[in-house]
Each structure stands twice: as structure tokens, then as C-alpha cells.
Amino acid sequence: MTTPMLAAAIIAALADDPVIAARANGVFLGPPLRATPPWIEVEPLQWADWSVKDAAGRELRLALWVRDEGDDPARVSDLVDAVDAALARLPRRLPGWMLGGAQMIRVRMLREPRGWAGLVEHRLRMLADGGAAADSEQGRYSNAD
């Protein structure tokens with residue numbers, strides 16, 4: 001699976017989440033050209049080798065921004081929680097890959113000139129389908145590694 005395909009799967013999972021769909025005005029790869037806050041931006045994925053003896057592997061670093069206008073950070077905080085919950089429901093099996101684990105790395109709330117932003121960072125570890133972690137055809141990953 002290429003990183004654009006994985007980014008598309010992540011964006012689709014977030015956009016299809018009922019809580020996010022009700023509260024955010026879109027999920028975008030990078031900053032949107034035109035959107036009304038609040039919205040979610042998925043930064044380009046970073047990855048490193050996470051291969052094992054018998055399978056290719058990747059460790060992906062996923063960073064998302066939740067942006068909103070106004071003085072109250074509550075809506076951003078609620079969306080950050082919804083993003084974390086939606087990522088926990090990603091399918092374990094993706095084309096060519098098996099998610100082996102995921103963990104939230106950090107959440108950071110920032111005051112911006114026109115409102116608030118929440119930075120959400122996750123680590124996703126995955127092995128090529130058929131590798132040592134491909135022991136289940138179904139299921140979801142958990143936030144516990």
C-alpha cells in the first residue's frame with residue numbers, strides 16, 4: 001500500500017465517522033483551500049522501516065490538525081477525542097498490509113490568532129500482508145501496543 005492510499009483510507013475513516021461528520025466541516029489532506037471551521041487536516045504521512053525477519057514493515061507517523069475559530073477550545077477538544085476514537089476503528093486489514101498496532105503519541109492544544117488548534121499525533125505499525133502479524137482476517141487494532 002502506498003502512503004497516498006493509506007492517507008485516503010484514514011481520511012475516509014474520519015469523514016465517515018458520525019461524530020466527526022456532525023461536528024467538522026470536512027477532513028482534508030493538508031490545509032483546505034476553502035472551508036469553514038472547524039475542519040481536520042491530515043498532514044502527509046511520515047514512515048520508517050519496521051520490517052521483521054519474515055515480512056516487510058512500516059512505522060507510520062500520522063499528524064492531524066483540528067482547527068476552529070473562536071475563544072473556546074471545547075469544540076476542538078471534543079473533535080480531538082472523536083479523531084482518536086475513529087482511528088481506533090480503522091480496519092486491521094488494508095490492501096497489502098496488516099495493522100499491528102497503534103498508539104497516540106501526543107495531543108497538543110494551541111492558541112492561534114483566530115481560534116484554537118489541536119495537534120493529534122499517532123504511530124501506526126504495520127506488516128506486509130502475510131507476515132508475522134497477519135494472524136487475523138478481521139478485527140481492529142487497539143491503542144495498546
# chains A, B, ... in the order shown; residues from 1 in each chain; ligands from 1
$ select_by_dssp --residues "segment 37-116 of chain A" --states "strand (DSSP E or B)" --output "VMD selection string"
chain A and resid 39 to 42 46 to 49 52 55 57 to 69 91 93 to 94 97 to 112 115 to 116
$ select_by_dssp --residues "chain A" --states "alpha helix (DSSP H)" --output "PyMOL selection string"
chain A and resi 3-16+18-23+74-88
$ residues_around --residues "segment 61-64 of chain A" --least-positions-apart "4" --cutoff "8 Å" --atoms "only C-alpha atoms" --output "MDAnalysis selection string"
chainID A and resid 40:47 119:124
$ closest_residue --among "A:Asp49, A:Asp54, A:Asp16, A:Asp71" --to "Asp129 of chain A" --atoms "only C-alpha atoms"
A:Asp54
$ atom_distance --atom1 "atom CA of Ala48 of chain A" --atom2 "atom CA of Ala88 of chain A"
21.0 Å
$ atom_distance --atom1 "atom CA of Gly70 of chain A" --atom2 "atom CA of Arg23 of chain A"
14.8 Å
$ atom_distance --atom1 "atom CA of Leu79 of chain A" --atom2 "atom CA of Leu127 of chain A"
29.3 Å
$ closest_residue --among "A:Arg106, A:Arg89, A:Arg67, A:Arg58" --to "Val27 of chain A" --atoms "only C-alpha atoms"
A:Arg67
$ closest_residue --among "A:Ala128, A:Asp72, A:Lys53, A:Gly26" --to "Leu99 of chain A" --atoms "only C-alpha atoms"
A:Ala128
$ residues_around --residues "Ala21 of chain A" --least-positions-apart "2" --cutoff "12 Å" --atoms "only C-alpha atoms" --output "ChimeraX atom specification"
/A:11-19,23-27,38-40,79,82-83,86
